[in-house]
file start-v9.tsv (TSV, C-alpha atoms)
chain	number	residue	atom	x	y	z
Z	1	LEU	CA	0.00	0.00	0.00
Z	2	LEU	CA	2.81	2.42	0.83
Z	3	LYS	CA	4.36	1.76	-2.58
Z	4	LEU	CA	1.04	2.39	-4.30
Z	5	ARG	CA	0.64	5.70	-2.44
Z	6	THR	CA	3.81	7.02	-4.09
Z	7	ASN	CA	1.62	7.34	-7.20
Z	8	PRO	CA	-0.11	10.78	-6.87
Z	9	ASP	CA	-3.33	9.65	-8.60
Z	10	PHE	CA	-3.66	6.56	-6.41
Z	11	ASN	CA	-2.83	8.56	-3.27
Z	12	ASN	CA	-5.54	11.11	-4.11
Z	13	TYR	CA	-8.06	8.32	-4.80
Z	14	TYR	CA	-7.12	6.49	-1.59
Z	15	ILE	CA	-7.74	9.53	0.62
Z	16	THR	CA	-10.87	10.77	-1.17
Z	17	ARG	CA	-12.33	7.25	-1.03
Z	18	TYR	CA	-11.71	7.19	2.71
Z	19	ALA	CA	-13.45	10.58	2.97
Z	20	ASP	CA	-16.42	9.16	1.05
Z	21	LEU	CA	-16.63	6.29	3.54
Z	22	MET	CA	-16.38	8.70	6.47
Z	23	ASN	CA	-19.43	10.47	5.07
Z	24	THR	CA	-21.39	7.24	4.52
Z	25	MET	CA	-20.57	3.79	5.97
Z	26	PHE	CA	-18.11	5.12	8.57
Z	27	ASN	CA	-20.31	8.06	9.50
Z	28	CYS	CA	-20.82	8.11	13.27
Z	29	ASP	CA	-24.63	8.18	13.09
Z	30	THR	CA	-24.69	5.37	10.54
Z	31	MET	CA	-22.43	3.13	12.60
Z	32	LEU	CA	-24.22	3.83	15.89
Z	33	ASN	CA	-27.63	3.24	14.34
Z	34	PHE	CA	-26.44	-0.06	12.90
Z	35	LEU	CA	-24.96	-1.10	16.25
Z	36	GLU	CA	-28.20	-0.25	18.02
Z	37	SER	CA	-30.25	-2.20	15.48
Z	38	GLN	CA	-28.09	-5.28	16.12
Z	39	TYR	CA	-28.36	-4.73	19.88
Z	40	ASN	CA	-32.17	-4.66	19.67
Z	41	LEU	CA	-32.18	-7.73	17.44
Z	42	ILE	CA	-29.95	-9.82	19.72
Z	43	LYS	CA	-31.18	-8.66	23.14
Z	44	PRO	CA	-34.29	-10.91	23.31
Z	45	GLU	CA	-32.06	-13.95	22.67
Z	46	MET	CA	-29.47	-13.19	25.37
Z	47	PRO	CA	-31.20	-14.96	28.27
Z	48	ARG	CA	-31.23	-18.26	26.34
Z	49	HIS	CA	-27.64	-17.68	25.20
Z	50	ILE	CA	-26.48	-17.07	28.77
Z	51	SER	CA	-28.33	-20.09	30.16
Z	52	ARG	CA	-26.56	-22.33	27.67
Z	53	PHE	CA	-23.10	-20.77	27.31
Z	54	GLY	CA	-22.71	-18.76	30.51
Z	55	GLY	CA	-21.98	-15.12	31.21
Z	56	THR	CA	-24.36	-12.42	32.42
Z	57	VAL	CA	-26.63	-9.81	30.90
Z	58	ASP	CA	-24.62	-7.10	32.69
Z	59	GLU	CA	-21.42	-8.36	31.05
Z	60	TRP	CA	-23.08	-8.31	27.62
Z	61	GLU	CA	-24.46	-4.80	28.21
Z	62	HIS	CA	-20.98	-3.68	29.28
Z	63	ASN	CA	-19.44	-5.04	26.06
Z	64	TYR	CA	-22.13	-3.32	24.01
Z	65	GLN	CA	-21.41	0.03	25.71
Z	66	LYS	CA	-17.67	-0.50	25.27
Z	67	LEU	CA	-18.13	-1.00	21.55
Z	68	ARG	CA	-20.40	2.02	21.35
Z	69	ASN	CA	-17.82	4.22	23.11
Z	70	PHE	CA	-15.12	2.96	20.73
Z	71	ILE	CA	-17.18	4.09	17.72
Z	72	ILE	CA	-17.79	7.52	19.24
Z	73	GLN	CA	-14.12	8.02	20.12
Z	74	ARG	CA	-13.03	6.89	16.66
Z	75	CYS	CA	-15.43	9.32	15.00
Z	76	GLU	CA	-14.08	12.17	17.09
Z	77	ARG	CA	-10.42	11.36	16.45
Z	78	LEU	CA	-10.54	10.29	12.81
Z	79	PRO	CA	-10.54	13.79	11.22
Z	80	GLU	CA	-7.47	14.81	13.25
Z	81	VAL	CA	-5.70	11.56	12.38
Z	82	MET	CA	-6.46	12.06	8.68
Z	83	THR	CA	-5.09	15.63	8.53
Z	84	SER	CA	-1.92	14.81	10.48
Z	85	CYS	CA	-1.21	11.56	8.65
Z	86	TYR	CA	-1.87	12.68	5.06
Z	87	GLU	CA	-0.93	16.40	5.18
Z	88	ILE	CA	-4.37	17.63	4.24
Z	89	SER	CA	-6.58	20.33	5.74
Z	90	GLY	CA	-10.10	20.36	7.11
Z	91	PRO	CA	-12.44	18.64	7.13
Z	92	TYR	CA	-14.85	21.33	5.93
Z	93	ASP	CA	-18.64	21.17	5.79
Z	94	VAL	CA	-19.63	21.38	2.12
Z	95	THR	CA	-23.24	21.52	0.96
Z	96	PHE	CA	-23.96	20.12	-2.51
Z	97	ASP	CA	-27.10	20.92	-4.48
Z	98	VAL	CA	-28.62	20.93	-7.97
Z	99	ASP	CA	-30.78	23.57	-9.64
Z	100	PRO	CA	-33.60	23.16	-10.61
Z	101	PRO	CA	-34.39	20.61	-7.90
Z	102	GLY	CA	-35.01	17.09	-9.13
Z	103	GLU	CA	-33.44	17.56	-12.55
Z	104	GLY	CA	-30.12	15.85	-11.88
Z	105	SER	CA	-27.72	14.10	-9.55
Z	106	LEU	CA	-24.08	14.52	-8.57
Z	107	GLN	CA	-21.16	12.12	-8.66
Z	108	ILE	CA	-18.79	13.16	-5.86
Z	109	ASN	CA	-15.58	11.12	-5.99
Z	110	THR	CA	-16.99	7.56	-5.69
Z	111	LEU	CA	-20.45	8.51	-4.41
Z	112	THR	CA	-23.64	9.11	-6.40
Z	113	ILE	CA	-25.89	11.62	-4.62
Z	114	ASN	CA	-29.57	11.86	-5.55
Z	115	GLU	CA	-31.08	13.66	-2.56
Z	116	PHE	CA	-30.35	17.34	-1.95
Z	117	PRO	CA	-29.19	19.44	-0.29
Z	118	TYR	CA	-26.42	17.05	0.73
Z	119	THR	CA	-23.95	18.22	3.38
Z	120	ALA	CA	-20.78	16.27	4.09
Z	121	LYS	CA	-17.24	16.77	5.36
Z	122	TYR	CA	-14.45	17.02	2.81
Z	123	PHE	CA	-10.72	17.66	3.09
Z	124	GLY	CA	-8.61	20.37	1.48
Z	125	GLY	CA	-5.33	19.75	-0.30
Z	126	LEU	CA	-6.93	17.14	-2.56
Z	127	ASP	CA	-8.60	17.00	-5.97
Z	128	THR	CA	-12.27	16.36	-5.30
Z	129	ARG	CA	-13.96	15.04	-8.43
Z	130	ILE	CA	-17.48	16.29	-9.15
Z	131	GLU	CA	-19.72	15.38	-12.05
Z	132	ALA	CA	-23.17	16.75	-12.88
Z	133	VAL	CA	-25.53	14.10	-14.25
Z	134	VAL	CA	-28.74	15.31	-15.89
Z	135	ARG	CA	-31.89	13.29	-15.15
Z	136	ASP	CA	-33.44	13.61	-18.63
Z	137	SER	CA	-30.98	14.60	-21.33
Z	138	ALA	CA	-33.84	15.27	-23.76
Z	139	THR	CA	-35.18	18.04	-21.51
Z	140	TYR	CA	-32.24	19.49	-19.58
Z	141	ALA	CA	-28.50	19.98	-20.04
Z	142	PHE	CA	-25.71	20.96	-17.67
Z	143	ASP	CA	-25.07	24.72	-17.74
Z	144	HIS	CA	-22.54	25.75	-15.07
Z	145	TRP	CA	-21.15	25.29	-11.57
Z	146	GLU	CA	-21.61	27.76	-8.72
Z	147	THR	CA	-19.25	27.29	-5.77
Z	148	THR	CA	-18.10	29.00	-2.58
Z	149	GLY	CA	-15.16	27.94	-0.46
Z	150	THR	CA	-13.51	26.01	-3.32
Z	151	SER	CA	-11.21	26.54	-6.28
Z	152	ASP	CA	-12.78	27.44	-9.62
Z	153	ALA	CA	-14.90	24.56	-10.93
Z	154	GLY	CA	-14.58	25.55	-14.58
Z	155	THR	CA	-17.33	25.04	-17.13
Z	156	ASP	CA	-17.29	21.28	-17.83
Z	157	LYS	CA	-19.83	18.92	-16.28
Z	158	VAL	CA	-16.90	16.86	-14.97
Z	159	SER	CA	-14.58	18.94	-12.83
Z	160	HIS	CA	-11.95	18.70	-10.11
Z	161	ILE	CA	-12.01	21.20	-7.27
Z	162	GLU	CA	-9.97	21.81	-4.15
Z	163	ILE	CA	-11.98	22.40	-0.99
Z	164	GLN	CA	-10.55	25.48	0.73
Z	165	ASP	CA	-13.18	26.24	3.38
Z	166	ALA	CA	-16.74	25.46	4.38
Z	167	GLY	CA	-18.93	26.29	1.41
Z	168	THR	CA	-21.34	25.19	-1.28
Z	169	VAL	CA	-21.22	23.44	-4.66
Z	170	THR	CA	-24.27	23.75	-6.93
Z	171	ALA	CA	-24.74	22.28	-10.40
Z	172	HIS	CA	-27.06	24.37	-12.54
Z	173	PHE	CA	-29.02	22.73	-15.35
Z	174	VAL	CA	-30.74	24.59	-18.17
Z	175	LYS	CA	-33.91	23.55	-19.96
Z	176	LEU	CA	-33.32	22.68	-23.58
Z	177	ILE	CA	-35.17	24.83	-26.05
Z	178	SER	CA	-36.47	23.48	-29.34
Z	179	GLY	CA	-38.23	25.45	-32.03
Z	180	THR	CA	-38.18	29.14	-32.89
Z	181	GLU	CA	-41.23	29.94	-30.77
Z	182	ASP	CA	-39.65	28.46	-27.62
Z	183	PHE	CA	-36.47	30.46	-28.21
Z	184	GLU	CA	-38.39	33.68	-28.79
Z	185	ASN	CA	-40.21	33.14	-25.50
Z	186	THR	CA	-36.83	33.27	-23.76
Z	187	GLY	CA	-35.77	36.55	-25.41
Z	188	TYR	CA	-34.26	35.59	-28.77
Z	189	SER	CA	-35.37	37.66	-31.75
Z	190	PHE	CA	-34.35	38.12	-35.38
Z	191	THR	CA	-36.15	40.50	-37.71
Z	192	VAL	CA	-35.34	42.17	-41.02
Z	193	GLN	CA	-36.57	45.64	-42.02
Z	194	PRO	CA	-37.47	46.13	-44.80
Z	195	THR	CA	-37.95	42.76	-46.45
Z	196	LEU	CA	-38.63	44.45	-49.79
Z	197	CYS	CA	-35.36	46.24	-50.35
Z	198	GLN	CA	-33.01	47.95	-52.76
Z	199	GLY	CA	-29.28	48.02	-52.04
Z	200	SER	CA	-29.49	47.41	-48.28
Z	201	THR	CA	-31.65	46.26	-45.38
Z	202	THR	CA	-31.34	46.10	-41.59
Z	203	ALA	CA	-31.15	42.93	-39.51
Z	204	ILE	CA	-32.21	43.37	-35.88
Z	205	ILE	CA	-30.83	40.80	-33.42
Z	206	GLU	CA	-31.79	40.29	-29.78
Z	207	LEU	CA	-29.94	37.87	-27.49
Z	208	PRO	CA	-30.94	37.06	-23.89
Z	209	SER	CA	-27.44	35.70	-23.10
Z	210	THR	CA	-23.99	35.38	-24.64
Z	211	ASP	CA	-24.05	33.25	-27.77
Z	212	ASP	CA	-22.17	32.54	-31.01
Z	213	ILE	CA	-24.17	33.65	-34.04
Z	214	GLN	CA	-24.04	33.42	-37.81
Z	215	ILE	CA	-26.19	35.29	-40.33
Z	216	GLN	CA	-26.02	34.18	-43.95
Z	217	MET	CA	-27.78	34.77	-47.23
Z	218	LEU	CA	-29.49	31.77	-48.86
Z	219	ASP	CA	-31.08	31.26	-52.23
Z	220	MET	CA	-34.61	29.84	-52.39
Z	221	LEU	CA	-33.23	26.29	-52.53
Z	222	GLY	CA	-31.53	26.85	-49.18
Z	223	ARG	CA	-28.02	27.04	-50.61
Z	224	PRO	CA	-25.69	29.49	-48.83
Z	225	LEU	CA	-24.59	32.44	-50.95
Z	226	ASP	CA	-22.76	34.73	-48.52
Z	227	VAL	CA	-21.98	34.98	-44.80
Z	228	ILE	CA	-23.23	38.34	-43.57
Z	229	LEU	CA	-22.07	38.06	-39.96
Z	230	GLN	CA	-20.03	35.54	-37.97
Z	231	SER	CA	-19.52	36.44	-34.31
Z	232	SER	CA	-18.27	34.44	-31.32
Z	233	GLN	CA	-19.42	35.18	-27.78
Z	234	LEU	CA	-21.72	38.04	-28.72
Z	235	GLN	CA	-23.00	39.54	-25.47
Z	236	ALA	CA	-26.66	39.74	-24.49
Z	237	GLY	CA	-28.44	42.76	-25.95
Z	238	GLN	CA	-29.99	44.20	-29.09
Z	239	TYR	CA	-27.96	44.77	-32.26
Z	240	TRP	CA	-28.81	46.56	-35.51
Z	241	LEU	CA	-26.85	45.28	-38.49
Z	242	GLU	CA	-26.82	47.18	-41.79
Z	243	VAL	CA	-26.68	44.59	-44.59
Z	244	ASP	CA	-25.08	45.92	-47.77
Z	245	LEU	CA	-26.66	43.78	-50.46
Z	246	GLY	CA	-24.73	45.53	-53.21
Z	247	ALA	CA	-21.39	44.44	-51.74
Z	248	ALA	CA	-22.44	40.81	-52.10
Z	249	SER	CA	-23.06	41.27	-55.84
Z	250	ILE	CA	-26.46	39.60	-55.60
Z	251	SER	CA	-28.88	40.12	-58.43
Z	252	ALA	CA	-32.55	41.04	-58.01
Z	253	GLY	CA	-34.79	38.24	-56.82
Z	254	THR	CA	-36.10	36.40	-53.77
Z	255	TYR	CA	-33.67	35.24	-51.11
Z	256	ALA	CA	-33.54	34.43	-47.40
Z	257	LEU	CA	-31.54	35.75	-44.47
Z	258	GLN	CA	-30.97	33.09	-41.87
Z	259	MET	CA	-29.68	33.51	-38.31
Z	260	ARG	CA	-28.26	30.56	-36.38
Z	261	THR	CA	-26.77	30.43	-32.87
Z	262	VAL	CA	-24.64	27.76	-31.22
Z	263	LYS	CA	-27.33	27.34	-28.53
Z	264	GLY	CA	-29.82	26.23	-31.18
Z	265	PHE	CA	-31.86	29.27	-32.23
Z	266	THR	CA	-32.59	29.32	-35.97
Z	267	LYS	CA	-34.82	31.69	-37.88
Z	268	THR	CA	-35.07	32.33	-41.61
Z	269	ILE	CA	-36.70	35.42	-43.15
Z	270	ARG	CA	-37.52	35.82	-46.83
Z	271	ILE	CA	-36.46	39.06	-48.50
Z	272	VAL	CA	-37.02	40.42	-51.99
Z	273	ILE	CA	-34.27	42.43	-53.67
Z	274	GLN	CA	-35.52	44.75	-56.36

call {"tool": "encode", "arguments": {"input": "start-v9.tsv", "output": "structure tokens"}}
result
Amino acid sequence: LLKLRTNPDFNNYYITRYADLMNTMFNCDTMLNFLESQYNLIKPEMPRHISRFGGTVDEWEHNYQKLRNFIIQRCERLPEVMTSCYEISGPYDVTFDVDPPGEGSLQINTLTINEFPYTAKYFGGLDTRIEAVVRDSATYAFDHWETTGTSDAGTDKVSHIEIQDAGTVTAHFVKLISGTEDFENTGYSFTVQPTLCQGSTTAIIELPSTDDIQIQMLDMLGRPLDVILQSSQLQAGQYWLEVDLGAASISAGTYALQMRTVKGFTKTIRIVIQ
């Protein structure tokens, strides 16, 4: 085991797995409740046991209390032993949650958590692995992490954080939008004025949040003719774009201006160039 712990990845897994067990199977309440359940199960049988094999009820009760005290003392000492033995800090109370409620679960190191809020003790000086798991991928998708008392969680649904203090970790999910009408209900908009034009027209864009967008000219068969605008990380807001149709050397006729965003909004507007 000592040789294996010279590997940093194994060492991190070894300690975080122990922390997971401290929060579950080795949790003081869990162990005491289990001990008490076994005590209540065995107690009615003790008189028959004693009559056949000897001993006393007082002796058995004493051994039960001795075992109970051992569990309590171990629970109290274990965090201090962990920090001194493995050069880590804490443990810190961290509350995990998902938003909206009921739309996902969290994988924390080796544990899968489905009930929230979930508060447990975690150590600093380690990579704590967190993964957001959406309940219904056809309806929701992971959006971002929100944390306090930890290092930056980044933007990926699978992340590694360092616990630095007592705090919170929340996975935010966003409802998937399908169809132009659904998008427009959330604040997306694309209009063209005028649609009967000579030389130029104006495209009006509204975004409720940062998005990558593309506006292109199509012929009536849907074939792209020219890219009017290509913009990455365009901030939320309203934009007026003057479209110079003459610069594209497009002859008179019926065409379409189409706006697409990386988040899925698509709208196509027919225009007539005289």

call {"tool": "residues_near_point", "arguments": {"input": "start-v9.tsv", "point": "(-8.3, 21.6, -1.3)", "cutoff": "10 Å", "atoms": "only C-alpha atoms", "output": "MDAnalysis selection string"}}
result
chainID Z and resid 88:92 122:128 149:151 160:165

call {"tool": "atom_distance", "arguments": {"input": "start-v9.tsv", "atom1": "CA of Thr110 in chain Z", "atom2": "CA of Val174 in chain Z"}}
result
25.2 Å

call {"tool": "residues_near_point", "arguments": {"input": "start-v9.tsv", "point": "(-21.3, 34.0, -33.1)", "cutoff": "12 Å", "atoms": "all atoms listed in the file", "output": "ChimeraX atom specification"}}
result
/Z:205,207,209-216,227-236,259-265

call {"tool": "closest_residue", "arguments": {"input": "start-v9.tsv", "among": "Z:Gln193, Z:Thr119, Z:Thr201, Z:Ser159", "to": "Thr24 in chain Z", "atoms": "all atoms listed in the file"}}
result
Z:Thr119

call {"tool": "atom_distance", "arguments": {"input": "start-v9.tsv", "atom1": "CA of Ser37 in chain Z", "atom2": "CA of Arg52 in chain Z"}}
result
23.8 Å

call {"tool": "closest_residue", "arguments": {"input": "start-v9.tsv", "among": "Z:Ala132, Z:Met31, Z:Leu78, Z:Ala141", "to": "Lys157 in chain Z", "atoms": "only C-alpha atoms"}}
result
Z:Ala132

call {"tool": "residues_around", "arguments": {"input": "start-v9.tsv", "residues": "Ala252 in chain Z", "least_positions_apart": "3", "cutoff": "9 Å", "atoms": "all atoms listed in the file", "output": "PDB file with C-alpha atoms, in the coordinates of the input"}}
result
ATOM      1  CA  GLN Z 198     -33.010  47.950 -52.760  1.00  0.00           C
ATOM      2  CA  VAL Z 272     -37.020  40.420 -51.990  1.00  0.00           C
ATOM      3  CA  ILE Z 273     -34.270  42.430 -53.670  1.00  0.00           C
ATOM      4  CA  GLN Z 274     -35.520  44.750 -56.360  1.00  0.00           C
TER       5      GLN Z 274
END

call {"tool": "closest_residue", "arguments": {"input": "start-v9.tsv", "among": "Z:Asp226, Z:Glu242, Z:Glu87, Z:Asp20", "to": "Arg129 in chain Z", "atoms": "all atoms listed in the file"}}
result
Z:Asp20

call {"tool": "closest_residue", "arguments": {"input": "start-v9.tsv", "among": "Z:Ala166, Z:Ala171, Z:Ile50, Z:Ile15", "to": "Asp99 in chain Z", "atoms": "only C-alpha atoms"}}
result
Z:Ala171

call {"tool": "closest_residue", "arguments": {"input": "start-v9.tsv", "among": "Z:Thr170, Z:Thr95, Z:Gln238, Z:Gln38", "to": "Ala203 in chain Z", "atoms": "all atoms listed in the file"}}
result
Z:Gln238

call {"tool": "residues_around", "arguments": {"input": "start-v9.tsv", "residues": "Thr155 in chain Z", "least_positions_apart": "2", "cutoff": "10 Å", "atoms": "only C-alpha atoms", "output": "VMD selection string"}}
result
chain Z and resid 142 to 146 152 to 153 157 to 159

call {"tool": "residues_around", "arguments": {"input": "start-v9.tsv", "residues": "Lys43 in chain Z", "least_positions_apart": "3", "cutoff": "10 Å", "atoms": "all atoms listed in the file", "output": "mmCIF file with C-alpha atoms, in the coordinates of the input"}}
result
data_model
loop_
_atom_site.group_PDB
_atom_site.id
_atom_site.type_symbol
_atom_site.label_atom_id
_atom_site.label_comp_id
_atom_site.auth_asym_id
_atom_site.auth_seq_id
_atom_site.Cartn_x
_atom_site.Cartn_y
_atom_site.Cartn_z
ATOM 1 C CA GLN Z 38 -28.090 -5.280 16.120
ATOM 2 C CA TYR Z 39 -28.360 -4.730 19.880
ATOM 3 C CA ASN Z 40 -32.170 -4.660 19.670
ATOM 4 C CA MET Z 46 -29.470 -13.190 25.370
ATOM 5 C CA PRO Z 47 -31.200 -14.960 28.270
ATOM 6 C CA HIS Z 49 -27.640 -17.680 25.200
ATOM 7 C CA VAL Z 57 -26.630 -9.810 30.900
ATOM 8 C CA TRP Z 60 -23.080 -8.310 27.620
ATOM 9 C CA GLU Z 61 -24.460 -4.800 28.210
#

call {"tool": "closest_residue", "arguments": {"input": "start-v9.tsv", "among": "Z:Leu218, Z:Ile250, Z:Met82, Z:Leu196", "to": "Tyr18 in chain Z", "atoms": "only C-alpha atoms"}}
result
Z:Met82

call {"tool": "atom_distance", "arguments": {"input": "start-v9.tsv", "atom1": "CA of Glu76 in chain Z", "atom2": "CA of Lys121 in chain Z"}}
result
13.0 Å

call {"tool": "residues_around", "arguments": {"input": "start-v9.tsv", "residues": "Tyr118 in chain Z", "least_positions_apart": "6", "cutoff": "12 Å", "atoms": "all atoms listed in the file", "output": "short mmCIF file (atom, residue, chain, number, x, y, z; two decimals) with C-alpha atoms, in the frame of the given file"}}
result
data_model
loop_
_atom_site.label_atom_id
_atom_site.label_comp_id
_atom_site.auth_asym_id
_atom_site.auth_seq_id
_atom_site.Cartn_x
_atom_site.Cartn_y
_atom_site.Cartn_z
CA ASN Z 23 -19.43 10.47 5.07
CA THR Z 24 -21.39 7.24 4.52
CA ASP Z 93 -18.64 21.17 5.79
CA VAL Z 94 -19.63 21.38 2.12
CA THR Z 95 -23.24 21.52 0.96
CA PHE Z 96 -23.96 20.12 -2.51
CA ASP Z 97 -27.10 20.92 -4.48
CA VAL Z 98 -28.62 20.93 -7.97
CA SER Z 105 -27.72 14.10 -9.55
CA LEU Z 106 -24.08 14.52 -8.57
CA GLN Z 107 -21.16 12.12 -8.66
CA ILE Z 108 -18.79 13.16 -5.86
CA LEU Z 111 -20.45 8.51 -4.41
CA THR Z 112 -23.64 9.11 -6.40
CA GLY Z 167 -18.93 26.29 1.41
CA THR Z 168 -21.34 25.19 -1.28
CA VAL Z 169 -21.22 23.44 -4.66
CA THR Z 170 -24.27 23.75 -6.93
#
